[in-house]
file start07.csv (CSV, C-alpha atoms (C1' of nucleotides))
chain,number,residue,atom,x,y,z
A,1,MET,CA,-28.3,-23.6,7.0
A,2,PRO,CA,-31.3,-25.3,5.6
A,3,GLU,CA,-32.8,-27.8,7.9
A,4,LEU,CA,-36.3,-29.4,7.6
A,5,PRO,CA,-38.4,-26.1,8.0
A,6,GLU,CA,-36.3,-24.3,5.3
A,7,VAL,CA,-36.5,-27.2,2.9
A,8,GLU,CA,-40.2,-27.4,3.4
A,9,THR,CA,-40.5,-23.8,2.5
A,10,VAL,CA,-38.6,-24.5,-0.7
A,11,ARG,CA,-40.9,-27.4,-1.4
A,12,LEU,CA,-44.0,-25.2,-1.1
A,13,GLY,CA,-42.4,-22.7,-3.5
A,14,LEU,CA,-41.6,-25.4,-6.0
A,15,ALA,CA,-45.2,-26.8,-5.7
A,16,ASP,CA,-46.4,-23.4,-6.7
A,17,HIS,CA,-44.0,-22.5,-9.4
A,18,ALA,CA,-42.4,-25.6,-10.8
A,19,VAL,CA,-45.0,-28.4,-10.6
A,20,HIS,CA,-47.0,-28.8,-13.8
A,21,ARG,CA,-44.2,-27.2,-15.8
A,22,ARG,CA,-42.0,-29.0,-18.3
A,23,VAL,CA,-38.3,-28.7,-18.4
A,24,THR,CA,-37.2,-27.4,-21.9
A,25,ALA,CA,-33.5,-27.1,-21.3
A,26,VAL,CA,-30.9,-27.8,-18.7
A,27,GLU,CA,-27.5,-26.2,-18.3
A,28,VAL,CA,-25.0,-27.3,-15.7
A,29,LEU,CA,-22.5,-24.5,-14.9
A,30,HIS,CA,-20.6,-26.3,-12.2
A,31,PRO,CA,-20.0,-30.0,-12.4
A,32,ARG,CA,-19.8,-30.4,-8.7
A,33,ALA,CA,-23.5,-29.4,-8.4
A,34,VAL,CA,-24.3,-32.7,-10.0
A,35,ARG,CA,-23.6,-35.3,-7.3
A,36,ARG,CA,-24.3,-38.9,-7.0
A,37,HIS,CA,-25.5,-39.0,-10.6
A,38,PRO,CA,-24.1,-41.8,-12.7
A,39,GLY,CA,-23.1,-40.2,-16.0
A,40,GLY,CA,-22.5,-36.9,-14.5
A,41,ALA,CA,-23.5,-33.4,-15.7
A,42,THR,CA,-24.0,-34.3,-19.4
A,43,ASP,CA,-26.3,-37.2,-18.6
A,44,LEU,CA,-28.4,-35.1,-16.2
A,45,GLU,CA,-28.7,-32.4,-18.8
A,46,SER,CA,-30.0,-34.7,-21.5
A,47,ARG,CA,-32.2,-36.9,-19.3
A,48,LEU,CA,-33.9,-34.0,-17.5
A,49,ARG,CA,-34.7,-32.1,-20.6
A,50,GLY,CA,-38.2,-32.6,-21.8
A,51,LYS,CA,-39.5,-34.0,-18.5
A,52,ALA,CA,-42.8,-32.9,-16.9
A,53,ILE,CA,-42.6,-32.0,-13.2
A,54,GLU,CA,-45.5,-33.7,-11.5
A,55,ALA,CA,-45.0,-33.2,-7.8
A,56,ALA,CA,-42.6,-31.7,-5.2
A,57,ARG,CA,-41.9,-34.0,-2.3
A,58,ARG,CA,-39.7,-34.0,0.8
A,59,ARG,CA,-38.3,-36.3,3.4
A,60,GLY,CA,-36.2,-34.7,6.1
A,61,LYS,CA,-33.8,-32.4,4.4
A,62,TYR,CA,-34.1,-34.1,1.0
A,63,LEU,CA,-36.3,-32.7,-1.7
A,64,TRP,CA,-37.3,-34.3,-4.9
A,65,LEU,CA,-39.4,-33.6,-7.9
A,66,ASP,CA,-41.4,-36.5,-9.5
A,67,THR,CA,-40.9,-36.2,-13.2
A,68,ALA,CA,-42.1,-38.1,-16.2
A,69,ASP,CA,-41.6,-38.4,-19.9
A,70,ALA,CA,-41.9,-41.1,-22.6
A,71,SER,CA,-38.8,-42.9,-21.4
A,72,ASP,CA,-38.8,-42.9,-17.6
A,73,ASP,CA,-40.3,-41.3,-14.5
A,74,ALA,CA,-37.2,-40.5,-12.6
A,75,ALA,CA,-37.1,-38.3,-9.5
A,76,LEU,CA,-34.9,-35.2,-9.5
A,77,VAL,CA,-33.4,-35.4,-6.1
A,78,VAL,CA,-32.2,-32.1,-4.6
A,79,HIS,CA,-30.1,-31.6,-1.4
A,80,LEU,CA,-29.4,-28.0,-0.5
A,81,GLY,CA,-26.3,-28.8,1.6
A,82,MET,CA,-25.1,-25.8,3.5
A,83,SER,CA,-26.0,-23.0,1.2
A,84,GLY,CA,-28.1,-24.3,-1.6
A,85,GLN,CA,-31.1,-22.3,-3.0
A,86,MET,CA,-33.7,-23.1,-5.5
A,87,LEU,CA,-34.8,-19.9,-7.2
A,88,ILE,CA,-37.4,-19.2,-9.8
A,89,SER,CA,-36.0,-16.4,-12.1
A,90,ASP,CA,-37.4,-14.7,-15.1
A,91,ALA,CA,-35.6,-15.5,-18.3
A,92,GLY,CA,-32.8,-13.0,-18.9
A,93,ALA,CA,-32.4,-12.2,-15.2
A,94,PRO,CA,-28.7,-11.8,-14.5
A,95,ASP,CA,-27.0,-15.0,-13.3
A,96,GLN,CA,-26.6,-15.2,-9.6
A,97,LYS,CA,-23.0,-15.2,-8.5
A,98,HIS,CA,-23.0,-18.9,-7.5
A,99,LEU,CA,-25.4,-20.2,-10.1
A,100,ARG,CA,-24.7,-23.9,-10.6
A,101,ILE,CA,-27.6,-25.3,-12.7
A,102,ARG,CA,-30.2,-23.6,-14.8
A,103,ALA,CA,-33.3,-25.5,-15.8
A,104,THR,CA,-35.5,-23.6,-18.3
A,105,LEU,CA,-39.2,-24.2,-17.8
A,106,ASP,CA,-42.0,-24.1,-20.4
A,107,ASP,CA,-43.4,-20.9,-19.1
A,108,GLY,CA,-40.2,-19.1,-19.9
A,109,ARG,CA,-38.9,-18.9,-16.4
A,110,GLU,CA,-36.0,-20.7,-15.0
A,111,LEU,CA,-35.5,-22.9,-12.1
A,112,ARG,CA,-32.0,-22.1,-10.8
A,113,PHE,CA,-29.8,-23.9,-8.3
A,114,VAL,CA,-27.5,-21.4,-6.6
A,115,ASP,CA,-25.0,-22.7,-4.1
A,116,GLN,CA,-22.0,-20.9,-2.7
A,117,ARG,CA,-20.3,-23.7,-0.8
A,118,THR,CA,-21.2,-26.4,-3.2
A,119,PHE,CA,-22.2,-29.0,-0.6
A,120,GLY,CA,-25.6,-29.4,-2.3
A,121,GLY,CA,-26.5,-30.9,-5.6
A,122,TRP,CA,-29.0,-32.5,-7.9
A,123,HIS,CA,-29.2,-36.0,-9.3
A,124,LEU,CA,-31.8,-38.2,-11.2
A,125,ASP,CA,-32.8,-41.4,-9.6
A,126,ASP,CA,-35.4,-44.2,-9.9
A,127,HIS,CA,-38.2,-44.6,-7.4
A,128,VAL,CA,-38.5,-47.6,-5.1
A,129,ALA,CA,-41.2,-48.5,-2.6
A,130,ASP,CA,-40.8,-46.6,0.6
A,131,PRO,CA,-39.2,-49.0,3.1
A,132,TYR,CA,-40.9,-47.2,5.9
A,133,ALA,CA,-44.4,-47.3,4.6
A,134,ALA,CA,-46.9,-48.8,6.9
A,135,GLY,CA,-47.9,-52.3,6.1
A,136,GLY,CA,-44.6,-53.1,4.5
A,137,ASP,CA,-46.1,-54.5,1.3
A,138,GLY,CA,-44.6,-51.8,-0.8
A,139,GLY,CA,-47.5,-49.6,-0.6
A,140,GLU,CA,-48.6,-46.2,-1.8
A,141,LEU,CA,-45.5,-44.1,-1.2
A,142,LYS,CA,-42.4,-44.2,-3.3
A,143,VAL,CA,-39.1,-42.6,-2.6
A,144,PRO,CA,-35.9,-42.2,-4.7
A,145,GLU,CA,-33.7,-45.2,-4.4
A,146,SER,CA,-30.7,-43.2,-3.2
A,147,ILE,CA,-32.6,-41.9,-0.1
A,148,ALA,CA,-34.2,-45.1,0.9
A,149,HIS,CA,-31.9,-45.1,4.0
A,150,ILE,CA,-33.3,-41.8,5.2
A,151,ALA,CA,-35.8,-42.2,8.0
A,152,PRO,CA,-39.1,-40.4,8.1
A,153,ASP,CA,-39.2,-37.0,9.6
A,154,PRO,CA,-41.6,-36.1,12.5
A,155,PHE,CA,-44.1,-34.5,10.2
A,156,GLU,CA,-44.8,-37.7,8.2
A,157,SER,CA,-47.7,-39.9,9.1
A,158,VAL,CA,-45.4,-42.9,9.1
A,159,PHE,CA,-43.2,-41.4,11.7
A,160,ASN,CA,-43.4,-43.3,15.0
A,161,ARG,CA,-42.0,-41.3,17.9
A,162,ASP,CA,-42.1,-44.1,20.4
A,163,ALA,CA,-40.4,-46.5,18.1
A,164,VAL,CA,-37.7,-44.0,17.3
A,165,ALA,CA,-37.1,-43.3,21.0
A,166,LYS,CA,-36.7,-47.0,21.7
A,167,ARG,CA,-34.3,-47.5,18.8
A,168,MET,CA,-32.4,-44.5,20.1
A,169,ARG,CA,-32.2,-46.0,23.6
A,170,LEU,CA,-30.6,-49.1,22.1
A,171,ARG,CA,-27.7,-47.2,20.7
A,172,HIS,CA,-24.3,-46.8,22.3
A,173,ASN,CA,-23.6,-43.3,21.3
A,174,GLU,CA,-24.2,-39.7,22.2
A,175,VAL,CA,-27.7,-38.2,22.3
A,176,LYS,CA,-26.7,-35.4,19.9
A,177,ARG,CA,-25.2,-37.8,17.4
A,178,ALA,CA,-28.4,-39.8,17.5
A,179,ILE,CA,-30.8,-36.9,17.0
A,180,LEU,CA,-28.6,-35.8,14.0
A,181,ASP,CA,-28.6,-39.3,12.5
A,182,GLN,CA,-30.8,-39.1,9.4
A,183,SER,CA,-31.3,-42.8,9.3
A,184,LEU,CA,-32.9,-42.7,12.7
A,185,ILE,CA,-34.9,-39.4,12.5
A,186,SER,CA,-34.5,-37.0,9.6
A,187,GLY,CA,-34.7,-33.3,9.2
A,188,VAL,CA,-32.7,-32.2,12.3
A,189,GLY,CA,-29.4,-30.3,11.8
A,190,ASN,CA,-26.9,-28.8,14.1
A,191,ILE,CA,-29.0,-25.7,15.0
A,192,TYR,CA,-32.3,-27.4,15.8
A,193,ALA,CA,-30.4,-30.2,17.6
A,194,ASP,CA,-29.0,-27.7,20.0
A,195,GLU,CA,-32.4,-26.1,20.4
A,196,ALA,CA,-34.1,-29.4,21.1
A,197,LEU,CA,-31.5,-30.4,23.6
A,198,TRP,CA,-31.9,-27.1,25.4
A,199,ARG,CA,-35.7,-27.5,25.6
A,200,ALA,CA,-35.4,-31.1,26.7
A,201,LYS,CA,-32.7,-30.1,29.3
A,202,LEU,CA,-30.4,-32.8,28.0
A,203,HIS,CA,-26.7,-32.5,27.3
A,204,GLY,CA,-25.7,-33.7,23.8
A,205,ALA,CA,-22.8,-35.8,25.1
A,206,ARG,CA,-25.1,-37.9,27.3
A,207,LEU,CA,-25.1,-41.5,26.1
A,208,THR,CA,-28.4,-42.7,24.7
A,209,ASP,CA,-28.3,-45.9,26.7
A,210,GLY,CA,-27.9,-43.9,29.9
A,211,VAL,CA,-31.0,-41.8,29.3
A,212,PRO,CA,-34.5,-43.0,30.1
A,213,VAL,CA,-36.7,-43.6,27.0
A,214,LYS,CA,-39.1,-41.0,28.5
A,215,ARG,CA,-36.5,-38.3,28.2
A,216,LEU,CA,-35.7,-39.4,24.6
A,217,ARG,CA,-39.3,-39.1,23.7
A,218,GLU,CA,-39.2,-35.6,25.2
A,219,LEU,CA,-36.2,-34.8,23.1
A,220,ILE,CA,-37.9,-35.9,19.9
A,221,ASP,CA,-41.0,-33.9,20.9
A,222,ALA,CA,-38.8,-30.9,21.5
A,223,ALA,CA,-37.2,-31.2,18.1
A,224,THR,CA,-40.6,-31.5,16.5
A,225,GLU,CA,-41.9,-28.4,18.3
A,226,VAL,CA,-38.9,-26.3,17.4
A,227,MET,CA,-39.2,-27.3,13.7
A,228,ALA,CA,-42.9,-26.7,13.7
A,229,GLU,CA,-42.4,-23.2,15.1
A,230,ALA,CA,-39.8,-22.5,12.4
A,231,LEU,CA,-42.1,-23.9,9.8
A,232,ALA,CA,-44.9,-21.5,10.9
A,233,VAL,CA,-42.6,-18.5,10.5
A,234,GLY,CA,-40.7,-19.7,7.4
A,235,GLY,CA,-43.8,-20.4,5.4
A,236,THR,CA,-44.9,-16.8,5.4
A,237,SER,CA,-41.7,-14.7,5.3
A,238,PHE,CA,-40.6,-15.1,1.7
A,239,ASP,CA,-41.5,-13.4,-1.5
A,240,SER,CA,-43.7,-15.9,-3.3
A,241,LEU,CA,-41.8,-15.4,-6.5
A,242,TYR,CA,-38.8,-16.9,-5.0
A,243,VAL,CA,-38.7,-20.5,-4.2
A,244,ASN,CA,-36.0,-19.2,-2.0
A,245,VAL,CA,-34.6,-19.8,1.3
A,246,ASN,CA,-31.2,-19.6,2.7
A,247,GLY,CA,-31.9,-20.2,6.3
A,248,ASN,CA,-32.6,-16.6,7.2
A,249,SER,CA,-36.2,-17.1,7.8
A,250,GLY,CA,-36.3,-14.5,10.6
A,251,TYR,CA,-36.8,-17.3,13.0
A,252,PHE,CA,-33.1,-17.5,13.7
A,253,GLU,CA,-32.6,-13.9,14.9
A,254,ARG,CA,-35.5,-13.9,17.2
A,255,SER,CA,-36.2,-17.4,18.5
A,256,LEU,CA,-33.0,-19.3,19.1
A,257,ASN,CA,-32.5,-20.2,22.8
A,258,ALA,CA,-29.2,-22.1,22.5
A,259,TYR,CA,-27.5,-22.0,19.1
A,260,GLY,CA,-24.9,-19.1,18.9
A,261,ARG,CA,-25.6,-17.9,22.5
A,262,GLU,CA,-22.1,-18.5,24.0
A,263,GLY,CA,-21.7,-16.2,27.0
A,264,LEU,CA,-25.3,-15.0,26.9
A,265,PRO,CA,-27.6,-15.8,29.8
A,266,CYS,CA,-29.7,-18.9,29.6
A,267,ARG,CA,-33.3,-17.9,28.9
A,268,ARG,CA,-34.4,-20.2,31.7
A,269,CYS,CA,-31.9,-19.7,34.5
A,270,GLU,CA,-29.6,-16.8,33.5
A,271,THR,CA,-26.5,-19.0,33.7
A,272,PRO,CA,-24.1,-18.0,30.9
A,273,MET,CA,-24.3,-20.4,28.0
A,274,VAL,CA,-21.2,-22.4,27.0
A,275,ARG,CA,-19.9,-23.5,23.7
A,276,GLU,CA,-18.2,-26.9,23.2
A,277,SER,CA,-16.7,-28.7,20.3
A,278,PHE,CA,-18.6,-31.9,19.5
A,279,MET,CA,-18.4,-34.0,16.4
A,280,ASN,CA,-16.2,-31.3,15.0
A,281,ARG,CA,-19.1,-28.9,15.3
A,282,SER,CA,-20.1,-26.2,17.7
A,283,SER,CA,-22.6,-27.1,20.4
A,284,PHE,CA,-24.2,-24.6,22.7
A,285,SER,CA,-25.8,-25.5,26.0
A,286,CYS,CA,-26.6,-24.3,29.4
A,287,PRO,CA,-24.2,-25.8,32.0
A,288,LYS,CA,-26.8,-25.7,34.7
A,289,CYS,CA,-30.0,-26.8,32.9
A,290,GLN,CA,-28.2,-29.4,30.7
A,291,ARG,CA,-25.9,-31.5,32.9
A,292,PRO,CA,-23.5,-33.8,31.0
A,293,GLY,CA,-23.6,-36.3,33.8
A,294,ARG,CA,-20.9,-38.8,34.5
A,295,LYS,CA,-21.0,-40.5,31.2
A,296,LEU,CA,-19.1,-38.1,29.0
A,297,ALA,CA,-18.1,-39.5,25.6
B,298,DA,C1',-22.0,-54.6,12.2
B,299,DA,C1',-22.0,-50.4,14.2
B,300,DT,C1',-19.7,-46.5,15.4
B,301,DG,C1',-16.5,-42.6,14.9
B,302,DG,C1',-13.4,-39.7,12.1
B,303,DT,C1',-12.3,-37.4,7.7
B,304,DT,C1',-13.4,-34.9,3.8
B,305,DC,C1',-15.5,-32.0,0.4
B,306,DC,C1',-16.0,-26.1,-0.3
B,307,DT,C1',-16.1,-20.9,-0.2
B,308,DG,C1',-16.3,-16.5,1.8
B,309,DG,C1',-17.0,-13.9,6.0
B,310,DA,C1',-14.9,-12.8,10.5
B,311,DC,C1',-10.9,-12.1,12.8
B,312,DG,C1',-5.9,-11.0,14.2
B,313,DC,C1',-1.7,-8.8,13.4
C,314,DT,C1',-5.4,-1.7,4.5
C,315,DG,C1',-4.2,-6.2,3.5
C,316,DC,C1',-3.0,-10.6,4.0
C,317,DG,C1',-3.3,-15.1,6.2
C,318,DT,C1',-5.9,-18.2,9.1
C,319,DC,C1',-9.9,-20.2,11.1
C,320,DC,C1',-14.5,-21.5,10.9
C,321,DA,C1',-19.2,-22.9,9.4
C,322,DG,C1',-21.9,-27.4,8.3
C,323,DG,C1',-24.5,-32.3,5.7
C,324,DA,C1',-23.6,-36.6,4.8
C,325,DA,C1',-21.0,-39.8,1.9
C,326,DC,C1',-17.2,-42.3,2.6
C,327,DC,C1',-13.7,-44.8,4.9
C,328,DA,C1',-11.4,-46.8,8.9
C,329,DT,C1',-11.7,-49.5,13.0

call {"tool": "encode", "arguments": {"input": "start07.csv", "output": "structure tokens"}}
result
Amino acid sequence: MPELPEVETVRLGLADHAVHRRVTAVEVLHPRAVRRHPGGATDLESRLRGKAIEAARRRGKYLWLDTADASDDAALVVHLGMSGQMLISDAGAPDQKHLRIRATLDDGRELRFVDQRTFGGWHLDDHVADPYAAGGDGGELKVPESIAHIAPDPFESVFNRDAVAKRMRLRHNEVKRAILDQSLISGVGNIYADEALWRAKLHGARLTDGVPVKRLRELIDAATEVMAEALAVGGTSFDSLYVNVNGNSGYFERSLNAYGREGLPCRRCETPMVRESFMNRSSFSCPKCQRPGRKLA
DNA sequence: AATGGTTCCTGGACGC
DNA sequence: TGCGTCCAGGAACCAT
């Protein structure tokens, strides 16, 4: 499941292999892979064709390529969803089983979007001034209009941990819901949320307005640390030819302390970890280290 | 207005 | 062995 670290690995690969290339042809093989794009697959094919790729950017789990041609300078926005991959393939390489979109580049290679579960997709979008940019006068940074509601992630200079913790404290919902809310802090998905909660010794069902701001700051720091560690591993574990990624950065097998560990001993206190359903998702926690407290949702 | 629930999708794991 | 059922998850969308 691609979360921030995996998406950043993809971005780095795109910076190496797609930036400074020009798109010469686009073929959408599955219409569902073009999401949130007015005009749909046909329009994306025609508008993306001919555009030069100038930069690869990311905010949270969203990725976008700044592009330009004579008519406009749209962003190609990419979300990997559950199972999306961005691959650089040689021309003539066999189509991947779940190949959804093929963009041919001017070096003869192809940028391919492969996505088994079709939760991800591409769309073209105009840029707007980043609403989170410091100063507030529009400023340097621009983001695609459709993701203007996505908050900065912890690795951006505009990210303000203390402000996020305060905003979180003002909410009336569960801590896990808050750390997963991309309009509050972006980049964290279900897996790293459980890891962060375990590190911060917080139960995800605690209500934010019942948790001291200090503990919320610790939670944000824990999420940042977990993702930083995954970034350090993920950035080095892929064949550079592939802009790859599908979650299996090697980090998962070795380093997870909470996610997927139902029945296994807590790595701090040996108590068997438990699994609970939360927000229609699985949550893993230590019943001793992470007390839900009185205020269960 | 803010919060919570529903929905999209496919294939691997699992039970009988 | 084969078939059916459940489950995984991001985030837009809709309901309250």

call {"tool": "residues_around", "arguments": {"input": "start07.csv", "residues": "DT304 in chain B", "least_positions_apart": "5", "cutoff": "12 Å", "atoms": "only C-alpha atoms (C1' of nucleotides)", "output": "PDB file with C-alpha atoms (C1' of nucleotides), keeping the file's coordinate frame"}}
result
ATOM      1  CA  PHE A 119     -22.200 -29.000  -0.600  1.00  0.00           C
TER       2      PHE A 119
ATOM      3  C1'  DG C 323     -24.500 -32.300   5.700  1.00  0.00           C
ATOM      4  C1'  DA C 324     -23.600 -36.600   4.800  1.00  0.00           C
ATOM      5  C1'  DA C 325     -21.000 -39.800   1.900  1.00  0.00           C
ATOM      6  C1'  DC C 326     -17.200 -42.300   2.600  1.00  0.00           C
ATOM      7  C1'  DC C 327     -13.700 -44.800   4.900  1.00  0.00           C
TER       8       DC C 327
END

call {"tool": "residues_around", "arguments": {"input": "start07.csv", "residues": "Lys201 in chain A", "least_positions_apart": "6", "cutoff": "9 Å", "atoms": "all atoms listed in the file", "output": "ChimeraX atom specification"}}
result
/A:219,285-286,289-291

call {"tool": "interface_residues", "arguments": {"input": "start07.csv", "of": "chain A", "to": "chain C", "cutoff": "10 Å", "atoms": "only C-alpha atoms (C1' of nucleotides)", "output": "PyMOL selection string"}}
result
chain A and resi 1-3+36+61+79-83+117+119-120+180-182+189-191+280-282

call {"tool": "residues_around", "arguments": {"input": "start07.csv", "residues": "Asp107 in chain A", "least_positions_apart": "6", "cutoff": "10 Å", "atoms": "all atoms listed in the file", "output": "list in words"}}
result
His17, Ala18, Arg21, Arg22, Val23, Thr24, Asp90 and Ala91 of chain A

call {"tool": "residues_around", "arguments": {"input": "start07.csv", "residues": "Pro287 in chain A", "least_positions_apart": "4", "cutoff": "9 Å", "atoms": "only C-alpha atoms (C1' of nucleotides)", "output": "NGL selection string"}}
result
:A and (203 or 271-274 or 291-292)

call {"tool": "write_last_selection", "arguments": {"input": "start07.csv", "atoms": "C-alpha atoms", "output": "PDB file, in the coordinates of the input"}}
result
ATOM      1  CA  HIS A 203     -26.700 -32.500  27.300  1.00  0.00           C
ATOM      2  CA  THR A 271     -26.500 -19.000  33.700  1.00  0.00           C
ATOM      3  CA  PRO A 272     -24.100 -18.000  30.900  1.00  0.00           C
ATOM      4  CA  MET A 273     -24.300 -20.400  28.000  1.00  0.00           C
ATOM      5  CA  VAL A 274     -21.200 -22.400  27.000  1.00  0.00           C
ATOM      6  CA  ARG A 291     -25.900 -31.500  32.900  1.00  0.00           C
ATOM      7  CA  PRO A 292     -23.500 -33.800  31.000  1.00  0.00           C
TER       8      PRO A 292
END

call {"tool": "decode", "arguments": {"input": "start07.csv", "residues": "range 71-94 of chain A", "atoms": "N, CA and C atoms", "output": "mmCIF file, in the first residue's frame"}}
result
data_model
loop_
_atom_site.group_PDB
_atom_site.id
_atom_site.type_symbol
_atom_site.label_atom_id
_atom_site.label_comp_id
_atom_site.auth_asym_id
_atom_site.auth_seq_id
_atom_site.Cartn_x
_atom_site.Cartn_y
_atom_site.Cartn_z
ATOM 1 N N SER A 71 0.101 25.326 -25.484
ATOM 2 C CA SER A 71 -1.246 25.741 -25.110
ATOM 3 C C SER A 71 -1.476 25.866 -23.608
ATOM 4 N N ASP A 72 -0.851 25.039 -22.799
ATOM 5 C CA ASP A 72 -1.063 25.197 -21.361
ATOM 6 C C ASP A 72 0.051 24.505 -20.572
ATOM 7 N N ASP A 73 0.025 24.732 -19.273
ATOM 8 C CA ASP A 73 1.078 24.145 -18.429
ATOM 9 C C ASP A 73 0.436 23.345 -17.294
ATOM 10 N N ALA A 74 -0.411 22.444 -17.683
ATOM 11 C CA ALA A 74 -1.155 21.654 -16.712
ATOM 12 C C ALA A 74 -0.239 20.743 -15.896
ATOM 13 N N ALA A 75 -0.769 20.281 -14.781
ATOM 14 C CA ALA A 75 -0.086 19.264 -13.983
ATOM 15 C C ALA A 75 -0.740 17.914 -14.264
ATOM 16 N N LEU A 76 0.089 16.905 -14.441
ATOM 17 C CA LEU A 76 -0.438 15.547 -14.533
ATOM 18 C C LEU A 76 -0.445 14.986 -13.116
ATOM 19 N N VAL A 77 -1.643 14.900 -12.544
ATOM 20 C CA VAL A 77 -1.770 14.471 -11.159
ATOM 21 C C VAL A 77 -1.951 12.952 -11.112
ATOM 22 N N VAL A 78 -1.197 12.324 -10.237
ATOM 23 C CA VAL A 78 -1.222 10.869 -10.144
ATOM 24 C C VAL A 78 -1.499 10.470 -8.698
ATOM 25 N N HIS A 79 -2.462 9.587 -8.519
ATOM 26 C CA HIS A 79 -2.610 8.959 -7.209
ATOM 27 C C HIS A 79 -2.521 7.454 -7.402
ATOM 28 N N LEU A 80 -1.716 6.809 -6.576
ATOM 29 C CA LEU A 80 -1.476 5.373 -6.770
ATOM 30 C C LEU A 80 -2.574 4.517 -6.157
ATOM 31 N N GLY A 81 -3.414 5.133 -5.325
ATOM 32 C CA GLY A 81 -4.478 4.350 -4.700
ATOM 33 C C GLY A 81 -3.902 3.213 -3.882
ATOM 34 N N MET A 82 -4.471 2.055 -4.058
ATOM 35 C CA MET A 82 -4.047 0.879 -3.297
ATOM 36 C C MET A 82 -2.893 0.146 -3.928
ATOM 37 N N SER A 83 -2.887 0.108 -5.235
ATOM 38 C CA SER A 83 -2.004 -0.832 -5.918
ATOM 39 C C SER A 83 -1.343 -0.236 -7.158
ATOM 40 N N GLY A 84 -1.370 1.078 -7.281
ATOM 41 C CA GLY A 84 -0.831 1.695 -8.492
ATOM 42 C C GLY A 84 0.682 1.669 -8.549
ATOM 43 N N GLN A 85 1.198 1.534 -9.771
ATOM 44 C CA GLN A 85 2.636 1.586 -9.999
ATOM 45 C C GLN A 85 2.910 2.486 -11.197
ATOM 46 N N MET A 86 4.015 3.215 -11.140
ATOM 47 C CA MET A 86 4.488 3.979 -12.285
ATOM 48 C C MET A 86 5.767 3.289 -12.731
ATOM 49 N N LEU A 87 5.748 2.754 -13.924
ATOM 50 C CA LEU A 87 6.887 1.986 -14.401
ATOM 51 C C LEU A 87 7.467 2.619 -15.649
ATOM 52 N N ILE A 88 8.789 2.564 -15.772
ATOM 53 C CA ILE A 88 9.439 2.935 -17.025
ATOM 54 C C ILE A 88 9.791 1.638 -17.737
ATOM 55 N N SER A 89 9.225 1.466 -18.917
ATOM 56 C CA SER A 89 9.439 0.216 -19.655
ATOM 57 C C SER A 89 10.057 0.533 -21.013
ATOM 58 N N ASP A 90 10.870 -0.389 -21.498
ATOM 59 C CA ASP A 90 11.383 -0.248 -22.856
ATOM 60 C C ASP A 90 10.242 -0.462 -23.845
ATOM 61 N N ALA A 91 10.326 0.247 -24.956
ATOM 62 C CA ALA A 91 9.310 0.055 -25.991
ATOM 63 C C ALA A 91 9.304 -1.406 -26.416
ATOM 64 N N GLY A 92 8.114 -1.945 -26.567
ATOM 65 C CA GLY A 92 8.018 -3.329 -26.996
ATOM 66 C C GLY A 92 8.045 -4.329 -25.861
ATOM 67 N N ALA A 93 8.324 -3.871 -24.656
ATOM 68 C CA ALA A 93 8.248 -4.791 -23.515
ATOM 69 C C ALA A 93 6.810 -5.254 -23.380
ATOM 70 N N PRO A 94 6.609 -6.511 -23.007
ATOM 71 C CA PRO A 94 5.233 -7.021 -22.920
ATOM 72 C C PRO A 94 4.391 -6.177 -21.963
#
